>>> print(open('run12.cif').read())   # mmCIF, C-alpha atoms
data_start
loop_
_atom_site.label_atom_id
_atom_site.label_comp_id
_atom_site.auth_asym_id
_atom_site.auth_seq_id
_atom_site.Cartn_x
_atom_site.Cartn_y
_atom_site.Cartn_z
CA MET A 224 0.53 -15.90 18.09
CA PRO A 225 0.59 -13.59 15.04
CA VAL A 226 -2.38 -11.42 16.08
CA ILE A 227 -1.65 -10.04 19.53
CA LEU A 228 -4.62 -9.89 21.91
CA THR A 229 -4.33 -6.15 22.39
CA GLN A 230 -7.89 -5.98 23.68
CA ASN A 231 -6.44 -7.25 26.97
CA TRP A 232 -4.00 -4.33 27.08
CA LEU A 233 -6.77 -1.89 26.18
CA ASN A 234 -9.07 -3.15 28.93
CA GLN A 235 -6.22 -3.01 31.43
CA PHE A 236 -5.51 0.58 30.39
CA VAL A 237 -9.15 1.59 30.85
CA GLN A 238 -9.33 -0.07 34.26
CA SER A 239 -6.12 1.64 35.38
CA CYS A 240 -7.48 5.00 34.25
CA LYS A 241 -10.64 4.42 36.27
CA GLU A 242 -8.59 3.63 39.35
CA GLN A 243 -5.93 6.33 38.65
CA ARG A 244 -3.57 5.23 41.49
CA GLY A 245 -1.63 8.47 41.37
CA LYS A 246 -0.58 8.15 37.74
CA ASP A 247 -1.65 10.41 34.90
CA VAL A 248 -3.35 8.83 31.90
CA SER A 249 -0.47 9.62 29.54
CA SER A 250 1.96 7.67 31.74
CA MET A 251 -0.42 4.72 31.92
CA HIS A 252 -0.97 4.83 28.17
CA CYS A 253 2.80 4.73 27.64
CA GLU A 254 3.34 1.95 30.17
CA ILE A 255 0.42 -0.37 29.33
CA ILE A 256 -0.04 0.16 25.59
CA CYS A 257 3.54 0.87 24.50
CA GLY A 258 5.62 -0.82 27.20
CA PRO A 259 5.19 -4.33 25.74
CA LEU A 260 6.54 -3.07 22.41
CA GLU A 261 10.02 -2.46 23.80
CA LYS A 262 10.90 -6.09 23.05
CA LEU A 263 10.36 -5.55 19.30
CA VAL A 264 13.37 -3.34 18.60
CA PRO A 265 16.46 -3.17 20.82
CA LYS A 266 17.13 0.29 22.28
CA VAL A 267 13.73 1.69 21.23
CA ASN A 268 11.91 2.58 24.43
CA ARG A 269 8.20 2.92 25.15
CA GLU A 270 8.23 6.72 24.87
CA VAL A 271 9.55 6.47 21.31
CA TRP A 272 6.88 3.91 20.45
CA GLN A 273 4.19 6.15 21.92
CA TYR A 274 5.34 9.10 19.81
CA GLU A 275 5.78 7.03 16.66
CA LEU A 276 2.42 5.27 16.83
CA SER A 277 0.60 8.48 17.76
CA ARG A 278 1.82 9.99 14.48
CA HIS A 279 0.13 7.15 12.60
CA GLY A 280 -3.23 7.21 14.38
CA LEU A 281 -3.00 5.56 17.81
CA PHE A 282 -5.76 6.84 20.11
CA THR A 283 -4.70 9.51 22.57
CA PRO A 284 -4.43 8.83 26.34
CA HIS A 285 -7.33 11.17 27.08
CA GLU A 286 -9.70 9.12 24.93
CA TRP A 287 -9.67 6.34 27.52
CA LYS A 288 -13.34 6.79 28.45
CA SER A 289 -14.44 5.81 24.95
CA VAL A 290 -11.95 2.96 24.50
CA GLU A 291 -13.95 0.48 26.57
CA THR A 292 -17.00 0.87 24.30
CA VAL A 293 -14.88 0.75 21.15
CA VAL A 294 -13.16 -2.48 22.23
CA LYS A 295 -16.51 -4.15 22.98
CA LYS A 296 -17.82 -3.18 19.56
CA MET A 297 -14.64 -4.40 17.84
CA GLU A 298 -14.93 -7.72 19.65
CA GLU A 299 -18.57 -8.01 18.57
CA GLN A 300 -17.42 -7.35 15.01
CA LYS A 301 -14.81 -10.13 15.43
CA VAL A 302 -12.05 -7.77 14.27
CA TRP A 303 -9.20 -9.80 15.75
CA GLU A 304 -10.53 -12.99 14.14
CA ILE A 305 -10.99 -11.29 10.75
CA VAL A 306 -7.41 -10.06 10.84
CA LYS A 307 -6.07 -13.47 11.90
CA GLN A 308 -7.82 -15.32 9.11
CA HIS A 309 -6.86 -12.80 6.41
CA TYR A 310 -3.25 -12.75 7.59
CA ARG A 311 -3.11 -16.53 7.19
CA PHE A 312 -4.53 -16.20 3.67
CA LEU A 313 -2.03 -13.49 2.68
CA ARG A 314 0.97 -15.25 4.13
CA LYS A 315 0.17 -18.44 2.25
CA ARG A 316 -0.65 -16.64 -1.01
CA TRP A 317 2.53 -14.53 -0.98
CA ASN A 318 4.82 -16.95 0.84
CA GLY A 319 5.41 -14.07 3.23
CA PRO A 320 7.26 -13.76 6.53
CA HIS A 321 5.86 -14.12 10.03
CA VAL A 322 4.74 -10.86 11.58
CA SER A 323 3.17 -9.79 14.87
CA ILE A 324 0.00 -7.75 14.33
CA TYR A 325 -1.21 -5.16 16.84
CA ILE A 326 -4.74 -3.75 16.62
CA PHE A 327 -5.76 -0.51 18.36
CA PRO A 328 -8.59 2.02 18.11
CA ILE A 329 -7.79 4.92 15.84
CA ARG A 330 -7.55 8.42 17.24
CA SER A 331 -10.90 10.24 17.14
CA VAL A 332 -9.85 13.69 18.38
CA ARG A 333 -8.37 16.42 16.19
CA LEU A 334 -4.90 17.57 17.15
CA GLU A 335 -4.81 20.38 14.59
CA LEU A 336 -7.47 22.84 13.43
CA GLY A 337 -9.13 21.64 10.24
CA GLU A 338 -7.57 18.19 10.45
CA GLN A 339 -9.55 15.47 8.66
CA LEU A 340 -9.79 12.31 10.71
CA PRO A 341 -9.36 8.97 8.90
CA SER A 342 -11.39 5.89 9.80
CA LYS A 343 -8.38 3.60 9.45
CA ASN A 344 -4.62 3.66 9.15
CA GLY A 345 -1.68 1.34 9.52
CA VAL A 346 2.07 1.22 9.75
CA ALA A 347 4.41 -1.68 9.02
CA TYR A 348 7.91 -2.57 10.13
CA ARG A 349 9.96 -5.69 9.63
CA GLY A 350 8.38 -8.18 12.02
CA ALA A 351 5.58 -5.93 13.30
CA LEU A 352 2.45 -4.43 11.83
CA PHE A 353 -0.01 -2.00 13.46
CA LEU A 354 -3.63 -1.41 12.48
CA PHE A 355 -5.58 1.58 13.80
CA LEU A 356 -9.29 1.04 13.26
CA SER A 357 -12.66 2.64 13.87
CA THR A 358 -15.84 0.64 14.49
CA GLU A 359 -17.37 1.95 11.25
CA LEU A 360 -15.31 -0.23 8.92
CA THR A 361 -16.63 -3.12 6.89
CA THR A 362 -14.89 -6.49 6.89
CA GLU A 363 -13.56 -5.82 3.38
CA GLU A 364 -12.12 -2.46 4.43
CA ILE A 365 -10.27 -4.12 7.31
CA LYS A 366 -8.94 -6.82 4.98
CA ALA A 367 -7.84 -4.24 2.40
CA LEU A 368 -5.88 -2.29 5.02
CA LEU A 369 -4.18 -5.48 6.20
CA THR A 370 -3.38 -6.39 2.58
CA HIS A 371 -1.67 -3.03 2.05
CA GLU A 372 0.33 -3.17 5.28
CA TYR A 373 1.32 -6.84 5.08
CA ASN A 374 2.54 -6.24 1.54
CA HIS A 375 4.84 -3.61 3.09
CA VAL A 376 6.13 -6.23 5.52
CA CYS A 377 6.90 -8.58 2.62
CA ARG A 378 8.70 -5.85 0.69
CA LEU A 379 10.68 -4.69 3.74
CA ASP A 380 11.71 -8.26 4.47
CA HIS A 381 12.91 -8.59 0.88
CA LEU A 382 14.85 -5.30 0.98
CA ASN A 383 16.44 -6.18 4.35
CA LEU A 384 17.33 -2.55 5.05
CA ALA A 385 17.16 -0.46 8.20
CA PRO A 386 14.66 2.46 7.97
CA ASP A 387 17.49 4.99 7.77
CA LYS A 388 18.97 3.15 4.76
CA ILE A 389 15.78 3.03 2.67
CA THR A 390 15.86 5.40 -0.30
CA LEU A 391 13.04 7.58 -1.61
CA LYS A 392 12.75 5.40 -4.72
CA ASP A 393 12.22 2.40 -2.43
CA SER A 394 9.57 4.25 -0.40
CA LEU A 395 7.66 5.13 -3.57
CA ILE A 396 7.64 1.53 -4.76
CA ILE A 397 6.79 0.20 -1.28
CA GLU A 398 3.62 2.31 -1.26
CA GLY A 399 2.84 1.55 -4.87
CA LEU A 400 3.14 -2.20 -4.33
CA GLY A 401 0.95 -2.05 -1.22
CA GLU A 402 -1.92 -0.32 -2.98
CA TYR A 403 -1.55 -2.38 -6.14
CA ALA A 404 -1.99 -5.48 -3.95
CA VAL A 405 -5.27 -4.00 -2.69
CA LYS A 406 -6.47 -3.55 -6.26
CA ASP A 407 -5.36 -7.07 -7.15
CA LEU A 408 -7.15 -8.76 -4.24
CA HIS A 409 -10.05 -6.46 -3.39
CA GLY A 410 -10.81 -4.50 -6.56
CA GLU A 411 -10.63 -0.83 -7.47
CA LYS A 412 -13.50 0.11 -5.15
CA LEU A 413 -11.19 -0.28 -2.14
CA VAL A 414 -8.02 1.42 -3.38
CA GLY A 415 -7.02 4.74 -1.85
CA PRO A 416 -8.44 7.99 -3.24
CA TRP A 417 -4.98 9.12 -4.35
CA VAL A 418 -4.69 6.61 -7.19
CA ASN A 419 -6.68 8.85 -9.57
CA LEU A 420 -5.95 12.22 -8.00
CA TYR A 421 -3.80 13.68 -10.80
CA SER A 422 -3.32 13.46 -14.52
CA PHE A 423 -0.27 11.59 -15.72
CA THR A 424 1.06 14.71 -17.46
CA GLU A 425 1.11 16.87 -14.33
CA ALA A 426 2.46 14.03 -12.17
CA ASN A 427 5.24 13.26 -14.65
CA GLU A 428 6.32 16.91 -14.62
CA ILE A 429 6.53 16.87 -10.81
CA TRP A 430 8.36 13.54 -10.96
CA GLU A 431 10.94 14.89 -13.38
CA LYS A 432 11.49 18.19 -11.57
CA HIS A 433 11.29 17.22 -7.89
CA PHE A 434 11.54 13.44 -7.49
CA ILE A 435 14.31 12.38 -9.87
CA PRO A 436 16.96 14.60 -8.21
CA SER A 437 15.90 13.24 -4.80
CA LEU A 438 15.54 9.50 -5.45
CA ASN A 439 18.57 8.50 -3.39
CA ILE A 440 17.63 10.46 -0.27
CA THR A 441 17.76 7.93 2.56
CA GLY A 442 15.73 7.67 5.76
CA VAL A 443 11.97 7.13 5.73
CA ASN A 444 11.40 10.21 7.89
CA ASN A 445 12.89 12.29 5.07
CA HIS A 446 10.38 10.92 2.57
CA PHE A 447 7.15 12.12 4.17
CA ILE A 448 6.98 15.41 2.28
CA PHE A 449 7.46 13.55 -1.02
CA LEU A 450 4.82 10.94 -0.19
CA TYR A 451 2.18 13.10 1.47
CA GLY A 452 2.91 16.45 -0.15
CA LYS A 453 2.53 19.74 1.66
CA SER A 454 0.33 22.79 1.18
CA ARG A 455 2.06 25.81 -0.35
CA SER A 456 4.82 23.64 -1.75
CA PRO A 457 5.54 22.27 -5.24
CA LEU A 458 4.51 18.84 -3.94
CA PRO A 459 0.71 18.49 -3.83
CA LYS A 460 -1.24 16.23 -1.49
CA TRP A 461 -0.53 12.47 -1.77
CA ILE A 462 1.65 12.99 -4.85
CA GLY A 463 4.20 10.31 -3.88
CA TYR A 464 1.46 7.76 -3.26
CA TYR A 465 -0.03 8.56 -6.66
CA ILE A 466 3.31 8.26 -8.45
CA GLY A 467 4.28 5.04 -6.67
CA TYR A 468 0.96 3.37 -7.46
CA GLN A 469 0.95 4.47 -11.10
CA MET A 470 4.53 3.23 -11.50
CA VAL A 471 3.68 -0.25 -10.24
CA HIS A 472 0.40 -0.34 -12.18
CA SER A 473 2.00 0.69 -15.48
CA TYR A 474 4.96 -1.65 -14.96
CA GLU A 475 2.57 -4.56 -14.40
CA GLU A 476 0.55 -3.62 -17.49
CA LYS A 477 3.63 -3.36 -19.71
CA HIS A 478 5.61 -6.35 -18.47
CA GLY A 479 3.26 -8.57 -16.45
CA PRO A 480 1.28 -10.28 -15.31
CA PHE A 481 3.28 -11.21 -12.22
CA SER A 482 2.18 -13.02 -9.11
CA ASN A 483 2.36 -10.61 -6.21
CA GLU A 484 5.31 -12.31 -4.55
CA LYS A 485 7.22 -11.96 -7.83
CA LEU A 486 6.22 -8.33 -8.14
CA TYR A 487 7.40 -7.30 -4.66
CA SER A 488 10.77 -8.94 -5.33
CA LYS A 489 11.48 -6.65 -8.30
CA SER A 490 13.96 -3.84 -7.65
CA ALA A 491 12.75 -0.25 -7.46
CA GLU A 492 15.05 0.60 -10.36
CA GLU A 493 13.51 -2.08 -12.58
CA ILE A 494 9.94 -1.05 -11.79
CA ILE A 495 10.65 2.65 -12.32
CA ALA A 496 12.53 2.07 -15.59
CA GLY A 497 9.75 -0.20 -16.86
CA SER A 498 6.90 2.15 -15.91
CA LYS A 499 5.31 4.89 -18.00
CA PHE A 500 7.15 7.63 -16.11
CA ILE A 501 10.20 9.24 -17.64
CA SER A 502 13.26 7.23 -16.68
CA VAL A 503 16.34 8.61 -14.97
CA THR A 504 18.32 7.48 -18.03
CA ASP A 505 16.09 9.52 -20.34
CA ILE A 506 17.12 12.93 -19.01
#
>>> encode(input="run12.cif", output="structure tokens")
Amino acid sequence: MPVILTQNWLNQFVQSCKEQRGKDVSSMHCEIICGPLEKLVPKVNREVWQYELSRHGLFTPHEWKSVETVVKKMEEQKVWEIVKQHYRFLRKRWNGPHVSIYIFPIRSVRLELGEQLPSKNGVAYRGALFLFLSTELTTEEIKALLTHEYNHVCRLDHLNLAPDKITLKDSLIIEGLGEYAVKDLHGEKLVGPWVNLYSFTEANEIWEKHFIPSLNITGVNNHFIFLYGKSRSPLPKWIGYYIGYQMVHSYEEKHGPFSNEKLYSKSAEEIIAGSKFISVTDI
């Protein structure tokens, strides 16, 4: 079953929290929500999964009182069925790999002062994909998020690399391909806000100065500052997402059109060299 019936886990978690039984809610959250994930990756335990998914938007243990209502609303909205049908469409269209999809409510409490809470997020691995959703999303928004994340799965399957072996140039193109797939299937109205955040001139200067010397840095955890940017640093917000998307978009415009499964099989080097950004060989 590609779309896991996580509503059963969520309801079990809520019921356990109501009953308590001597356990704290964080332990139950780890056991019931993250325990079943231990089978996905050898030697990655439930505590690691809890930490990893929390970084990407998984609801916090102390939100358990609201989870029951959220799950009922998501079931009324037929979220699991929407995801199942769109996954089938994407897999056939892109000739993509099988993946297990896990759907959870997105975190609705701020962990840091001034933090802006998203209404959706996702994270993809080879063989597993996680969607974190609010009840405010439209069907098209849910589909667009799945399109972005499943495109990641396809690209990761093609690269066949462990996360610690993926280079920064690969991470840029992974994100660019994912959002370009959203534009291709759902239109510009559903692409992320970062795609038009900067002018090409300022982005190309940042690319030349900060990205080109760092393109072979490996390990996805080392790429976050390049992708997301950081305040009071030379890397502004979402700069890596912007650059990755504009690279794929300009490559497609100059050398395409390509079907999406052809596009995600292109090497990062080919896409970068064929984009409008200054090439490594030009400096």
>>> residues_near_point(input="run12.cif", point="(5.2, -4.5, -13.4)", cutoff="9 Å", atoms="only C-alpha atoms", output="PyMOL selection string")
chain A and resi 470-481+486+489+493-494+497-498
>>> resolve_selection(input="run12.cif", expression="the PyMOL selection byres ((chain A and resi 398-408) around 9)", output="ChimeraX atom specification")
/A:366-368,370-375,378,393-397,409-415,418,450,463-472,483,486-487
>>> write_last_selection(input="run12.cif", atoms="C-alpha atoms", output="compact mmCIF listing (two decimals), in the coordinates of the input")
# COMPACT_ATOMS: atom_id res chain seq x y z
CA LYS A 366 -8.94 -6.82 4.98
CA ALA A 367 -7.84 -4.24 2.40
CA LEU A 368 -5.88 -2.29 5.02
CA THR A 370 -3.38 -6.39 2.58
CA HIS A 371 -1.67 -3.03 2.05
CA GLU A 372 0.33 -3.17 5.28
CA TYR A 373 1.32 -6.84 5.08
CA ASN A 374 2.54 -6.24 1.54
CA HIS A 375 4.84 -3.61 3.09
CA ARG A 378 8.70 -5.85 0.69
CA ASP A 393 12.22 2.40 -2.43
CA SER A 394 9.57 4.25 -0.40
CA LEU A 395 7.66 5.13 -3.57
CA ILE A 396 7.64 1.53 -4.76
CA ILE A 397 6.79 0.20 -1.28
CA HIS A 409 -10.05 -6.46 -3.39
CA GLY A 410 -10.81 -4.50 -6.56
CA GLU A 411 -10.63 -0.83 -7.47
CA LYS A 412 -13.50 0.11 -5.15
CA LEU A 413 -11.19 -0.28 -2.14
CA VAL A 414 -8.02 1.42 -3.38
CA GLY A 415 -7.02 4.74 -1.85
CA VAL A 418 -4.69 6.61 -7.19
CA LEU A 450 4.82 10.94 -0.19
CA GLY A 463 4.20 10.31 -3.88
CA TYR A 464 1.46 7.76 -3.26
CA TYR A 465 -0.03 8.56 -6.66
CA ILE A 466 3.31 8.26 -8.45
CA GLY A 467 4.28 5.04 -6.67
CA TYR A 468 0.96 3.37 -7.46
CA GLN A 469 0.95 4.47 -11.10
CA MET A 470 4.53 3.23 -11.50
CA VAL A 471 3.68 -0.25 -10.24
CA HIS A 472 0.40 -0.34 -12.18
CA ASN A 483 2.36 -10.61 -6.21
CA LEU A 486 6.22 -8.33 -8.14
CA TYR A 487 7.40 -7.30 -4.66
>>> atom_distance(input="run12.cif", atom1="atom CA of Pro436 of chain A", atom2="atom CA of Lys388 of chain A")
17.4 Å
>>> residues_around(input="run12.cif", residues="Thr361 of chain A", least_positions_apart="6", cutoff="12 Å", atoms="only C-alpha atoms", output="VMD selection string")
chain A and resid 297 300 to 302 305 342 to 343 367 to 368 413
>>> closest_residue(input="run12.cif", among="A:Ser289, A:Asn419, A:Asn439, A:Ser502", to="Asn234 of chain A", atoms="all atoms listed in the file")
A:Ser289
>>> residues_around(input="run12.cif", residues="Ile440 of chain A", least_positions_apart="6", cutoff="9 Å", atoms="only C-alpha atoms", output="list in words")
Lys388, Ile389, Thr390, Leu391, Lys392 and His446 of chain A
>>> atom_distance(input="run12.cif", atom1="atom CA of Leu352 of chain A", atom2="atom CA of Leu458 of chain A")
28.2 Å
>>> closest_residue(input="run12.cif", among="A:Leu263, A:Cys253, A:Val346, A:Val322", to="His279 of chain A", atoms="only C-alpha atoms")
A:Val346
>>> residues_around(input="run12.cif", residues="Asn344 of chain A", least_positions_apart="6", cutoff="8 Å", atoms="all atoms listed in the file", output="VMD selection string")
chain A and resid 279 to 280 329 354 to 356 368
